[in-house]
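S.K.: Next comes run-v6.txt, compact mmCIF, C-alpha atoms and all ligand atoms:
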```txt
# COMPACT_ATOMS: atom_id res chain seq x y z
CA LEU A 1 7.11 11.98 32.01
CA GLU A 2 10.05 9.55 32.08
CA LEU A 3 12.82 11.54 30.47
CA ASN A 4 16.07 10.25 29.10
CA SER A 5 18.46 10.14 32.01
CA LYS A 6 21.38 8.71 30.09
CA HIS A 7 24.30 10.48 28.54
CA ILE A 8 23.82 11.53 24.93
CA GLU A 9 26.42 12.61 22.41
CA LEU A 10 26.48 14.17 19.00
CA GLU A 11 28.02 12.30 16.11
CA CYS A 12 28.86 13.29 12.56
CA PRO A 13 27.37 10.73 10.15
CA ASN A 14 29.88 11.84 7.50
CA CYS A 15 33.30 11.79 9.20
CA GLY A 16 32.44 10.07 12.47
CA ARG A 17 33.69 12.87 14.70
CA GLY A 18 31.98 13.10 18.08
CA TYR A 19 30.90 16.26 19.89
CA GLU A 20 29.71 16.93 23.41
CA VAL A 21 26.17 18.29 23.68
CA SER A 22 26.40 22.07 24.15
CA LEU A 23 24.77 25.25 22.98
CA GLU A 24 27.68 25.80 20.58
CA ALA A 25 27.62 22.36 18.91
CA SER A 26 25.58 23.01 15.78
CA TYR A 27 27.01 21.11 12.78
CA CYS A 28 30.30 19.38 12.03
CA ASP A 29 33.46 21.14 10.92
CA CYS A 30 33.34 18.89 7.83
CA GLY A 31 30.07 20.57 6.79
CA SER A 32 27.69 17.75 7.72
CA PRO A 33 24.74 17.89 10.10
CA LEU A 34 25.26 16.25 13.50
CA LEU A 35 22.96 13.55 14.83
CA VAL A 36 22.11 12.68 18.42
CA LYS A 37 23.48 9.34 19.59
CA TYR A 38 21.77 7.52 22.46
CA ASP A 39 23.05 4.64 24.48
CA THR A 40 20.46 2.24 23.10
CA ASP A 41 21.89 -0.70 25.07
CA GLU A 42 21.04 1.15 28.27
CA LEU A 43 17.57 2.08 27.04
CA ILE A 44 16.62 -1.23 25.55
CA LEU A 45 15.45 -2.84 28.79
CA GLN A 46 13.49 0.13 30.03
CA ILE A 47 11.66 0.48 26.76
CA GLN A 48 10.98 -3.26 26.44
CA LEU A 49 9.51 -3.37 29.93
CA GLU A 50 7.42 -0.25 29.81
CA GLN A 51 6.66 0.22 26.12
CA PHE A 52 5.34 3.74 25.65
CA PRO A 53 2.87 5.36 28.06
CA SER A 54 -0.65 5.06 26.68
CA ASN A 55 -1.79 8.21 28.47
CA GLN A 56 0.76 10.44 26.71
CA ASN A 57 -1.05 11.62 23.61
CA SER A 58 1.81 13.65 22.25
CA LEU A 59 5.26 12.96 20.86
CA TRP A 60 6.52 13.08 24.45
CA ARG A 61 5.37 9.47 24.83
CA TYR A 62 8.84 8.80 23.32
CA SER A 63 10.59 11.03 25.86
CA ARG A 64 13.02 8.29 26.83
CA ILE A 65 14.55 8.49 23.39
CA LEU A 66 14.41 12.28 23.05
CA PRO A 67 17.26 14.61 24.05
CA VAL A 68 15.61 16.76 26.73
CA VAL A 69 16.60 15.76 30.28
CA ASN A 70 14.70 18.30 32.41
CA SER A 71 10.92 18.59 31.95
CA LYS A 72 11.00 22.18 33.18
CA PHE A 73 12.24 23.18 29.73
CA ILE A 74 9.52 21.42 27.76
CA PHE A 75 6.96 23.90 26.44
CA SER A 76 4.52 21.43 24.97
CA LEU A 77 1.42 22.54 23.09
CA GLY A 78 0.28 18.96 22.45
CA GLU A 79 2.40 18.23 19.36
CA GLY A 80 2.50 14.82 17.69
CA TRP A 81 0.50 11.60 18.13
CA THR A 82 -1.54 12.60 15.11
CA PRO A 83 -4.00 10.17 13.50
CA LEU A 84 -2.93 7.68 10.88
CA LEU A 85 -5.99 7.67 8.66
CA LYS A 86 -6.79 4.82 6.32
CA SER A 87 -7.65 6.42 3.02
CA ARG A 88 -10.68 4.86 1.45
CA ARG A 89 -11.86 6.70 -1.62
CA LEU A 90 -8.59 8.43 -2.55
CA GLY A 91 -6.66 5.18 -2.13
CA GLU A 92 -9.15 3.38 -4.32
CA ASP A 93 -9.01 6.13 -6.93
CA LEU A 94 -5.23 5.84 -7.10
CA GLY A 95 -5.31 2.04 -7.17
CA MET A 96 -3.84 1.62 -3.68
CA LYS A 97 -5.56 -0.77 -1.32
CA ASN A 98 -3.57 0.19 1.75
CA LEU A 99 -2.94 3.91 1.64
CA TYR A 100 -2.64 5.70 4.97
CA ILE A 101 -2.43 9.42 5.56
CA LYS A 102 -0.45 10.57 8.56
CA ASP A 103 -2.40 13.72 9.23
CA GLU A 104 0.03 16.28 10.54
CA SER A 105 -2.46 19.12 10.11
CA ARG A 106 -3.64 18.29 13.66
CA ASN A 107 -0.50 19.72 15.22
CA PRO A 108 -0.72 22.90 17.38
CA THR A 109 0.26 25.31 14.59
CA LEU A 110 -1.20 23.05 11.90
CA SER A 111 2.01 21.52 10.55
CA PHE A 112 4.58 18.79 11.22
CA LYS A 113 7.16 21.50 11.92
CA ASP A 114 5.82 21.56 15.49
CA ARG A 115 7.52 18.25 16.22
CA GLY A 116 10.98 19.50 15.38
CA LEU A 117 10.61 22.97 16.80
CA CYS A 118 9.09 21.90 20.11
CA VAL A 119 11.92 19.45 20.76
CA ALA A 120 14.65 21.78 19.45
CA ILE A 121 13.47 24.81 21.39
CA SER A 122 13.09 22.77 24.59
CA LYS A 123 16.58 21.31 24.25
CA HIS A 124 18.23 24.64 23.39
CA LEU A 125 16.49 26.34 26.33
CA GLU A 126 17.86 23.61 28.55
CA LEU A 127 21.32 24.37 27.16
CA GLY A 128 20.88 28.07 27.92
CA ALA A 129 19.47 29.64 24.74
CA SER A 130 17.40 32.77 25.14
CA SER A 131 16.36 33.75 21.60
CA PHE A 132 15.93 31.97 18.29
CA ALA A 133 16.09 32.62 14.57
CA LEU A 134 15.52 30.73 11.35
CA PRO A 135 14.89 31.21 7.64
CA SER A 136 11.61 29.60 6.62
CA ALA A 137 9.18 29.27 3.76
CA GLY A 138 6.31 29.52 6.23
CA ASN A 139 5.34 26.66 8.50
CA ALA A 140 8.60 26.40 10.45
CA ALA A 141 8.47 30.14 11.11
CA ILE A 142 4.97 29.91 12.58
CA SER A 143 5.96 26.95 14.68
CA MET A 144 9.10 28.60 16.04
CA SER A 145 7.08 31.74 16.77
CA ALA A 146 4.48 29.82 18.78
CA TYR A 147 6.92 27.80 20.89
CA SER A 148 9.11 30.86 21.50
CA ALA A 149 6.02 32.70 22.67
CA ALA A 150 5.10 29.84 25.00
CA ALA A 151 8.62 29.90 26.43
CA GLY A 152 8.69 33.70 26.67
CA VAL A 153 11.71 34.18 24.40
CA THR A 154 12.17 36.14 21.17
CA ALA A 155 11.73 34.61 17.73
CA ASN A 156 13.28 36.15 14.61
CA VAL A 157 12.03 34.79 11.32
CA PHE A 158 13.36 35.46 7.82
CA MET A 159 10.79 34.67 5.16
CA PRO A 160 10.61 35.08 1.37
CA VAL A 161 8.49 38.12 0.39
CA THR A 162 6.44 35.78 -1.78
CA THR A 163 5.17 33.86 1.28
CA PRO A 164 1.37 34.15 1.55
CA SER A 165 0.35 36.86 4.03
CA SER A 166 -1.49 34.33 6.21
CA PHE A 167 1.90 32.85 7.21
CA ILE A 168 3.57 36.20 7.83
CA GLU A 169 0.61 37.49 9.85
CA ALA A 170 0.50 34.37 12.01
CA CYS A 171 4.16 34.90 13.00
CA GLY A 172 3.32 38.49 13.90
CA LEU A 173 0.36 37.34 15.97
CA TYR A 174 2.67 35.19 18.09
CA GLY A 175 4.90 38.23 18.59
CA ALA A 176 7.82 37.22 16.36
CA GLU A 177 10.11 39.67 14.59
CA VAL A 178 9.54 39.10 10.87
CA VAL A 179 12.04 40.06 8.16
CA LYS A 180 10.86 39.66 4.57
CA VAL A 181 13.58 38.77 2.08
CA LYS A 182 13.67 38.79 -1.72
CA GLY A 183 14.46 35.29 -2.99
CA THR A 184 14.18 31.76 -1.67
CA ILE A 185 14.95 30.29 1.74
CA SER A 186 18.65 30.33 0.72
CA GLU A 187 18.63 34.13 0.46
CA CYS A 188 16.70 34.28 3.74
CA GLY A 189 19.46 32.25 5.39
CA ALA A 190 22.13 34.56 3.95
CA GLU A 191 20.24 37.65 5.11
CA MET A 192 19.89 36.17 8.58
CA LYS A 193 23.63 35.55 8.79
CA LYS A 194 24.37 39.06 7.56
CA SER A 195 22.19 40.68 10.19
CA GLY A 196 24.32 38.89 12.78
CA GLY A 197 22.01 38.63 15.79
CA SER A 198 23.12 36.75 18.89
CA TRP A 199 20.31 34.23 18.63
CA THR A 200 20.43 30.45 18.45
CA ASP A 201 20.19 29.42 14.80
CA LEU A 202 17.45 26.83 14.24
CA SER A 203 17.99 26.51 10.45
CA THR A 204 17.00 23.13 9.00
CA THR A 205 19.59 20.44 9.96
CA LYS A 206 22.10 23.07 11.13
CA GLU A 207 21.38 22.01 14.70
CA PRO A 208 20.75 18.40 15.80
CA TYR A 209 17.39 18.55 17.61
CA ARG A 210 14.73 19.37 15.02
CA VAL A 211 15.48 15.99 13.43
CA GLU A 212 14.98 14.42 16.89
CA GLY A 213 11.47 15.83 17.02
CA LYS A 214 10.74 14.79 13.45
CA LYS A 215 11.92 11.23 14.04
CA THR A 216 8.88 10.66 16.26
CA LEU A 217 6.93 10.41 12.99
CA GLY A 218 8.69 7.09 12.36
CA TYR A 219 7.97 5.79 15.87
CA GLU A 220 4.33 6.81 15.66
CA ILE A 221 3.74 5.27 12.25
CA CYS A 222 5.13 1.93 13.47
CA GLU A 223 3.31 2.00 16.79
CA GLN A 224 0.04 2.91 15.06
CA LEU A 225 0.54 -0.07 12.73
CA ASN A 226 1.13 -2.32 15.77
CA TRP A 227 4.86 -2.39 15.04
CA GLN A 228 4.36 -3.64 11.50
CA ILE A 229 6.72 -2.05 8.98
CA PRO A 230 4.98 -0.24 6.12
CA ASP A 231 6.26 -0.94 2.60
CA VAL A 232 6.59 2.68 1.56
CA ILE A 233 6.67 6.14 3.13
CA ILE A 234 6.53 9.13 0.82
CA CYS A 235 7.63 12.54 2.07
CA PRO A 236 7.21 15.87 0.31
CA THR A 237 10.85 16.91 0.65
CA GLY A 238 12.52 20.31 0.96
CA GLY A 239 15.29 20.49 3.56
CA GLY A 240 14.82 16.83 4.37
CA THR A 241 14.12 16.80 8.12
CA ALA A 242 11.21 14.37 7.82
CA ILE A 243 12.91 11.83 5.59
CA ILE A 244 16.11 11.94 7.69
CA GLY A 245 14.19 11.78 10.95
CA ILE A 246 12.15 8.79 9.79
CA TRP A 247 15.27 7.00 8.57
CA LYS A 248 16.95 7.63 11.95
CA ALA A 249 13.87 6.41 13.82
CA PHE A 250 13.96 3.05 12.05
CA ASN A 251 17.65 2.58 12.87
CA GLU A 252 16.97 3.38 16.52
CA MET A 253 13.89 1.18 16.71
CA GLU A 254 15.99 -1.72 15.45
CA ALA A 255 18.71 -0.99 18.02
CA LEU A 256 16.00 -0.86 20.69
CA GLY A 257 14.64 -4.24 19.66
CA LEU A 258 11.26 -2.83 18.66
CA ILE A 259 11.61 -3.94 15.03
CA GLU A 260 13.95 -6.11 12.98
CA THR A 261 16.10 -5.25 9.98
CA GLU A 262 13.24 -4.55 7.59
CA ARG A 263 12.79 -0.98 6.38
CA PRO A 264 10.10 0.94 4.52
CA ARG A 265 11.22 2.29 1.17
CA LEU A 266 11.61 6.03 1.64
CA PHE A 267 10.56 8.25 -1.25
CA ALA A 268 10.97 11.99 -1.67
CA SER A 269 8.58 13.97 -3.84
CA GLN A 270 9.46 17.41 -5.22
CA VAL A 271 8.19 19.99 -7.70
CA GLU A 272 9.91 19.87 -11.11
CA GLY A 273 10.94 23.53 -11.01
CA CYS A 274 13.11 22.96 -7.92
CA ALA A 275 14.00 19.30 -7.61
CA PRO A 276 17.62 18.95 -6.44
CA VAL A 277 16.91 15.67 -4.61
CA VAL A 278 15.29 14.10 -7.69
CA LYS A 279 18.20 15.20 -9.86
CA ALA A 280 20.82 13.79 -7.48
CA VAL A 281 18.98 10.46 -7.19
CA ASN A 282 18.45 10.15 -10.94
CA GLU A 283 22.05 11.02 -11.74
CA ASN A 284 23.44 8.93 -8.92
CA LEU A 285 25.31 11.91 -7.48
CA GLU A 286 27.27 11.61 -4.25
CA ASP A 287 25.80 14.84 -2.89
CA ILE A 288 22.93 17.14 -3.79
CA GLN A 289 23.96 19.97 -6.13
CA PRO A 290 22.41 23.43 -5.68
CA TRP A 291 19.43 23.92 -8.03
CA ASP A 292 20.15 26.70 -10.47
CA LYS A 293 16.99 28.72 -11.03
CA PRO A 294 14.39 27.58 -8.53
CA GLU A 295 10.96 28.30 -9.99
CA GLU A 296 8.16 29.62 -7.86
CA THR A 297 5.68 27.05 -6.64
CA SER A 298 2.52 26.95 -4.56
CA ALA A 299 4.24 24.22 -2.52
CA TYR A 300 6.31 26.86 -0.67
CA GLY A 301 7.95 24.41 1.74
CA LEU A 302 9.54 22.48 -1.13
CA ARG A 303 11.36 25.42 -2.68
CA VAL A 304 14.70 24.54 -1.13
CA PRO A 305 17.39 24.83 -3.82
CA SER A 306 20.30 23.62 -1.71
CA PRO A 307 19.45 21.39 1.25
CA PHE A 308 22.23 21.36 3.83
CA ALA A 309 21.78 17.67 4.61
CA GLY A 310 22.31 16.46 1.02
CA LYS A 311 24.24 13.28 1.72
CA LEU A 312 21.94 12.22 4.55
CA ILE A 313 18.87 12.64 2.37
CA LEU A 314 20.45 10.58 -0.40
CA ASN A 315 21.52 7.93 2.08
CA ALA A 316 18.02 7.66 3.57
CA ILE A 317 16.70 7.04 0.07
CA SER A 318 19.37 4.68 -1.25
CA SER A 319 19.76 2.59 1.92
CA THR A 320 16.04 1.81 1.91
CA ASN A 321 15.77 1.15 -1.82
CA GLY A 322 13.53 4.18 -2.12
CA GLY A 323 13.52 6.91 -4.74
CA ALA A 324 12.60 10.44 -5.69
CA VAL A 325 9.70 11.61 -7.86
CA PRO A 326 9.17 14.93 -9.63
CA VAL A 327 5.70 16.43 -10.00
CA SER A 328 4.68 19.36 -12.17
CA GLU A 329 3.24 22.55 -10.73
CA ASN A 330 -0.07 22.14 -12.53
CA GLU A 331 -0.74 18.80 -10.87
CA ILE A 332 -0.80 20.35 -7.39
CA MET A 333 -4.13 22.16 -7.16
CA PRO A 334 -6.11 19.40 -8.89
CA MET A 335 -4.64 16.89 -6.44
CA ARG A 336 -5.61 19.09 -3.49
CA LYS A 337 -9.16 19.10 -4.81
CA ILE A 338 -9.19 15.35 -5.32
CA ALA A 339 -8.01 14.72 -1.74
CA ALA A 340 -10.62 17.10 -0.37
CA ARG A 341 -13.45 15.59 -2.40
CA LEU A 342 -12.54 11.94 -1.96
CA ASP A 343 -11.20 11.80 1.58
CA GLY A 344 -12.57 15.00 3.14
CA LEU A 345 -9.11 16.36 3.89
CA ASP A 346 -7.88 19.91 3.25
CA ILE A 347 -4.28 18.93 2.57
CA CYS A 348 -1.43 21.37 1.95
CA PRO A 349 0.07 21.77 -1.55
CA GLU A 350 3.25 20.00 -0.39
CA ALA A 351 1.19 16.91 0.48
CA ALA A 352 -0.54 17.15 -2.88
CA VAL A 353 2.95 16.86 -4.38
CA ALA A 354 3.46 13.65 -2.40
CA ILE A 355 0.17 12.17 -3.62
CA ALA A 356 0.87 13.12 -7.22
CA GLY A 357 4.25 11.45 -6.78
CA LEU A 358 2.58 8.32 -5.46
CA GLN A 359 0.27 8.24 -8.43
CA LYS A 360 3.33 8.21 -10.71
CA LEU A 361 4.95 5.41 -8.73
CA VAL A 362 1.81 3.28 -8.97
CA GLU A 363 1.40 3.96 -12.69
CA SER A 364 5.00 2.99 -13.39
CA ASP A 365 4.61 -0.22 -11.35
CA GLU A 366 7.30 0.91 -8.95
CA LEU A 367 4.73 0.23 -6.22
CA ASP A 368 2.34 -2.65 -5.85
CA SER A 369 -1.37 -1.95 -5.41
CA SER A 370 -1.40 -3.96 -2.18
CA ASP A 371 1.64 -2.22 -0.63
CA THR A 372 1.09 -0.51 2.69
CA VAL A 373 1.86 3.08 1.78
CA ILE A 374 2.11 6.02 4.15
CA MET A 375 1.92 9.53 2.87
CA LEU A 376 2.47 12.57 5.06
CA ASN A 377 -0.05 15.37 5.03
CA THR A 378 2.63 17.67 6.39
CA ALA A 379 0.32 20.65 7.07
CA SER A 380 -3.19 21.92 6.86
CA GLY A 381 -4.22 23.51 3.58
CA ILE A 382 -6.07 26.25 5.40
CA ARG A 383 -3.30 28.87 5.33
CA TYR A 384 -2.68 28.43 1.59
CA PRO A 385 -4.70 30.47 -0.91
CA LEU A 386 -6.95 28.35 -3.09
CA ASN A 387 -6.37 30.41 -6.23
CA ASP A 388 -2.58 30.22 -6.05
CA THR A 389 -1.61 28.96 -9.48
CA LYS A 390 2.01 29.66 -10.20
CA ARG A 391 1.67 28.76 -13.86
C1 LIG B 1 4.06 21.73 4.56
C2 LIG B 1 5.48 21.31 4.36
N1 LIG B 1 5.73 20.10 3.85
C3 LIG B 1 6.99 19.66 3.65
C4 LIG B 1 8.09 20.47 3.93
C5 LIG B 1 9.46 19.91 3.71
O1 LIG B 1 10.12 19.64 4.91
P1 LIG B 1 11.36 18.70 5.10
O2 LIG B 1 11.94 18.40 3.76
O3 LIG B 1 12.31 19.42 5.98
O4 LIG B 1 10.87 17.44 5.76
C6 LIG B 1 7.87 21.74 4.46
C7 LIG B 1 9.01 22.62 4.78
O5 LIG B 1 8.94 23.82 4.81
C8 LIG B 1 6.53 22.18 4.68
O6 LIG B 1 6.27 23.39 5.18
ZN ZN B 2 31.99 15.52 10.13
```
Please, can you express the file's structure as structure tokens?
M.R.:
Amino acid sequence: LELNSKHIELECPNCGRGYEVSLEASYCDCGSPLLVKYDTDELILQIQLEQFPSNQNSLWRYSRILPVVNSKFIFSLGEGWTPLLKSRRLGEDLGMKNLYIKDESRNPTLSFKDRGLCVAISKHLELGASSFALPSAGNAAISMSAYSAAAGVTANVFMPVTTPSSFIEACGLYGAEVVKVKGTISECGAEMKKSGGSWTDLSTTKEPYRVEGKKTLGYEICEQLNWQIPDVIICPTGGGTAIIGIWKAFNEMEALGLIETERPRLFASQVEGCAPVVKAVNENLEDIQPWDKPEETSAYGLRVPSPFAGKLILNAISSTNGGAVPVSENEIMPMRKIAARLDGLDICPEAAVAIAGLQKLVESDELDSSDTVIMLNTASGIRYPLNDTKR
């Protein structure tokens, strides 16, 4: 594995302040997430000459542009390099000739969270961390539990009591400490803070390295399309790591000379009962406002009333001429069934939200039927009950 041997820094995308990489550097004093900055001028030649190793069938094929510098700290379970499937019958049904599904259900713990948590845990271990904690609606908790187990360190997860038992039990199986909290992921975060453990906090976008892992989605999509830029990528969005990571990947790929200035339009899809991103986009707000009464939804990962990375999410959308689409709760299960019956995929409810969002974009002529459209199946449907109708 050719790791990044060059100096990296952390930079605040809001106020521009720089930070040295350290265990303590989490987010900026101004309240914004921090992003990893690479010396792309130094990397450009290496990457041009070598491209990416064809025998690395994981996200570590992009190790030169990832933050870990010592392979001893990488506890890989084979995350990433998931198939980009051309949808045939579902695409046709929705009137899309070039619909691709990036199937993240093939990751080690069955969700895209493995990308972010593998990279973040590896990097924090390298910086000296010895235990981890996060609030999670399910998939991130399982992922953190698995990678912590592989590294032999403790994982503490704070999950809403309403999380399906399959998620809670999986964390227990990996040996994590599970605390169940009344409320949404926001209350879980508050409870975690209150309990005051001495762990490293891996909350969404409150440390810089989960986004680094998630950005490999953008690199993979482009590489799998032979470095062609898709027209549209639609992400089921909660805390925003995927949409921010993909946006960052495209900026880096341009700086590395892999692509030119063209960008895919980035769309976020959310459930109507908790849609702070949609509201902020529609009302042209400068930042995302906390959602007042987040309704329950079977798309657990999207029930994020107050994403920490508000401005970054909005910037990813506006700078790519993208958008945000709301979907109603009762569209979710039917869409899961349609995807299963037309494409043979057991997608998660969050991904069903993305497809239902796409359908709306096609119907309103926001998208063209010949556009190359990528939708993320962010997790397997297998852990989600099939009779889970919230309304
Ligand atoms: C299956 C699934 N999809 C999508 C999301 C949203 O993730 P993000 O907005 O951080 O990319 C989550 C988060 O919990 C999830 O579990
Ligand atoms: Zn700042």
S.K.: 8 Å from ligand ZN 2 (chain B) is the threshold here; counting all atoms listed in the file, which polymer residues fall inside it? Answer as a list of chain:residue names.
M.R.: A:Glu11, A:Cys12, A:Pro13, A:Asn14, A:Cys15, A:Gly16, A:Arg17, A:Tyr27, A:Cys28, A:Asp29, A:Cys30, A:Gly31, A:Ser32, A:Pro33, A:Leu34
S.K.: With C-alpha atoms retained, could you export that selection as a PDB file, in the frame of the given file?
M.R.:
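Writing done, so here's again36.pdb:
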```
ATOM      1  CA  GLU A  11      28.020  12.300  16.110  1.00  0.00           C
ATOM      2  CA  CYS A  12      28.860  13.290  12.560  1.00  0.00           C
ATOM      3  CA  PRO A  13      27.370  10.730  10.150  1.00  0.00           C
ATOM      4  CA  ASN A  14      29.880  11.840   7.500  1.00  0.00           C
ATOM      5  CA  CYS A  15      33.300  11.790   9.200  1.00  0.00           C
ATOM      6  CA  GLY A  16      32.440  10.070  12.470  1.00  0.00           C
ATOM      7  CA  ARG A  17      33.690  12.870  14.700  1.00  0.00           C
ATOM      8  CA  TYR A  27      27.010  21.110  12.780  1.00  0.00           C
ATOM      9  CA  CYS A  28      30.300  19.380  12.030  1.00  0.00           C
ATOM     10  CA  ASP A  29      33.460  21.140  10.920  1.00  0.00           C
ATOM     11  CA  CYS A  30      33.340  18.890   7.830  1.00  0.00           C
ATOM     12  CA  GLY A  31      30.070  20.570   6.790  1.00  0.00           C
ATOM     13  CA  SER A  32      27.690  17.750   7.720  1.00  0.00           C
ATOM     14  CA  PRO A  33      24.740  17.890  10.100  1.00  0.00           C
ATOM     15  CA  LEU A  34      25.260  16.250  13.500  1.00  0.00           C
TER      16      LEU A  34
END
```
S.K.: Counting all atoms listed in the file, find the residues whose atoms lie at most 6 Å from (9.4, 5.1, 14.5) (file coordinates) and write them out as a count of residues only.
M.R.: 7
S.K.: Within 7 Å of ligand LIG 1 (chain B), which residues of chain A come that close, and what is the closest atom pair and distance in Å for each? Count only C-alpha atoms and all ligand atoms and give it as JSON lines.
M.R.:
```
{"residue": "A:Ser111", "atom": "CA", "partner": "B:LIG1", "partner_atom": "C1", "distance": 6.3}
{"residue": "A:Ser136", "atom": "CA", "partner": "B:LIG1", "partner_atom": "O5", "distance": 6.6}
{"residue": "A:Ala137", "atom": "CA", "partner": "B:LIG1", "partner_atom": "O5", "distance": 5.6}
{"residue": "A:Gly138", "atom": "CA", "partner": "B:LIG1", "partner_atom": "O6", "distance": 6.2}
{"residue": "A:Asn139", "atom": "CA", "partner": "B:LIG1", "partner_atom": "O6", "distance": 4.8}
{"residue": "A:Ala140", "atom": "CA", "partner": "B:LIG1", "partner_atom": "O5", "distance": 6.2}
{"residue": "A:Thr204", "atom": "CA", "partner": "B:LIG1", "partner_atom": "O3", "distance": 6.7}
{"residue": "A:Cys235", "atom": "CA", "partner": "B:LIG1", "partner_atom": "O4", "distance": 6.9}
{"residue": "A:Pro236", "atom": "CA", "partner": "B:LIG1", "partner_atom": "C3", "distance": 5.1}
{"residue": "A:Thr237", "atom": "CA", "partner": "B:LIG1", "partner_atom": "O2", "distance": 3.6}
{"residue": "A:Gly238", "atom": "CA", "partner": "B:LIG1", "partner_atom": "O2", "distance": 3.4}
{"residue": "A:Gly239", "atom": "CA", "partner": "B:LIG1", "partner_atom": "O2", "distance": 4.0}
{"residue": "A:Gly240", "atom": "CA", "partner": "B:LIG1", "partner_atom": "O2", "distance": 3.3}
{"residue": "A:Thr241", "atom": "CA", "partner": "B:LIG1", "partner_atom": "O3", "distance": 3.8}
{"residue": "A:Ala242", "atom": "CA", "partner": "B:LIG1", "partner_atom": "O4", "distance": 3.7}
{"residue": "A:Ile243", "atom": "CA", "partner": "B:LIG1", "partner_atom": "O4", "distance": 6.0}
{"residue": "A:Tyr300", "atom": "CA", "partner": "B:LIG1", "partner_atom": "O5", "distance": 6.8}
{"residue": "A:Gly301", "atom": "CA", "partner": "B:LIG1", "partner_atom": "O5", "distance": 3.3}
{"residue": "A:Leu302", "atom": "CA", "partner": "B:LIG1", "partner_atom": "C5", "distance": 5.5}
{"residue": "A:Cys348", "atom": "CA", "partner": "B:LIG1", "partner_atom": "C1", "distance": 6.1}
{"residue": "A:Glu350", "atom": "CA", "partner": "B:LIG1", "partner_atom": "N1", "distance": 4.9}
{"residue": "A:Ala351", "atom": "CA", "partner": "B:LIG1", "partner_atom": "N1", "distance": 6.5}
{"residue": "A:Thr378", "atom": "CA", "partner": "B:LIG1", "partner_atom": "C1", "distance": 4.7}
{"residue": "A:Ala379", "atom": "CA", "partner": "B:LIG1", "partner_atom": "C1", "distance": 4.6}
```
S.K.: Mind pulling up the distance from CA of Leu99 (chain A) to CA of Val373 (chain A)?
M.R.: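 Computed distance, CA of Val373 (chain A) to CA of Leu99 (chain A), equals 4.9 Å.
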S.K.: Please check which residues have atoms at most 9 Å from (7.9, 33.6, 6.6) in the file's coordinates, counting all atoms listed in the file, and write them as a ChimeraX atom specification.
M.R.: /A:135-142,157-165,167-169,171,178-181
S.K.: Rounded to one decimal, what separation in Å do you get between CA of Gly357 (chain A) and CA of Ser269 (chain A)?
M.R.: 5.8 Å
S.K.: Please report the interatomic distance between CA of Met144 (chain A) and CA of Arg336 (chain A) in Å with one decimal.
M.R.: 26.2 Å
S.K.: When you count all atoms listed in the file, which of these residues is closest to Phe75 (chain A): A:Arg89, A:Lys6, A:Arg115, A:Lys102?
M.R.: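 Ranked by minimum distance to Phe75 (chain A), first place goes to A:Arg115.
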S.K.: Find, counting only C-alpha atoms, the residue in A:Lys337, A:Arg64, A:Lys360, A:Lys206 that gets nearest to Ile44 (chain A).
M.R.: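 Between A:Lys337, A:Arg64, A:Lys360, A:Lys206, the residue approaching Ile44 (chain A) most closely is A:Arg64.
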S.K.: Considering all atoms listed in the file, can you say which of A:Asn98, A:Val353, A:Asn156, A:Gln228 comes closest to Glu191 (chain A)?
M.R.: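 When distances to Glu191 (chain A) are compared using all atoms listed in the file, the smallest one comes from A:Asn156.
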S.K.: Skip Leu258 (chain A) itself and residues of its chain fewer than 2 positions away, then list as a list in words all residues within 12 Å of it, counting only C-alpha atoms.
M.R.: Thr40, Leu43, Ile44, Leu45, Gln46, Ile47, Gln48, Leu49, Gln51, Phe52, Tyr219, Cys222, Glu223, Asn226, Trp227, Gln228, Ile229, Ala249, Phe250, Asn251, Glu252, Met253, Glu254, Ala255, Leu256, Glu260, Thr261 and Glu262 of chain A
S.K.: Which residues, written as a list in words, have at least one atom at most 7 Å from Asp343 (chain A), with all atoms listed in the file counted and residues fewer than 4 positions away on the same chain left out?
M.R.: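 Those residues are Ser87, Arg88, Arg89, Leu90 and Ala339 of chain A.
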S.K.: Out of A:Ile185, A:Ala25, A:Leu202, A:Leu84, which residue has the shortest atom-to-atom distance to Glu296 (chain A) when counting all atoms listed in the file?
M.R.: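 Of A:Ile185, A:Ala25, A:Leu202, A:Leu84, the one nearest Glu296 (chain A), counting all atoms listed in the file, is A:Ile185.
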S.K.: Give me the residues within 10 Å of Asp368 (chain A) as a VMD selection string, counting all atoms listed in the file and dropping any in the same chain fewer than 5 places off.
M.R.: chain A and resid 95 to 97 231 361 to 363 373
S.K.: Given the choices A:Gln289, A:Thr82, A:Asn377, A:Ser186, which gets closest to Gly310 (chain A) if the distance is worked out from all atoms listed in the file?
M.R.: A:Gln289
S.K.: Out of A:Leu314, A:Glu126, A:Ile382, A:Ser143, which residue has the shortest atom-to-atom distance to Phe267 (chain A) when counting all atoms listed in the file?
M.R.: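 Counting all atoms listed in the file, the residue closest to Phe267 (chain A) is A:Leu314.
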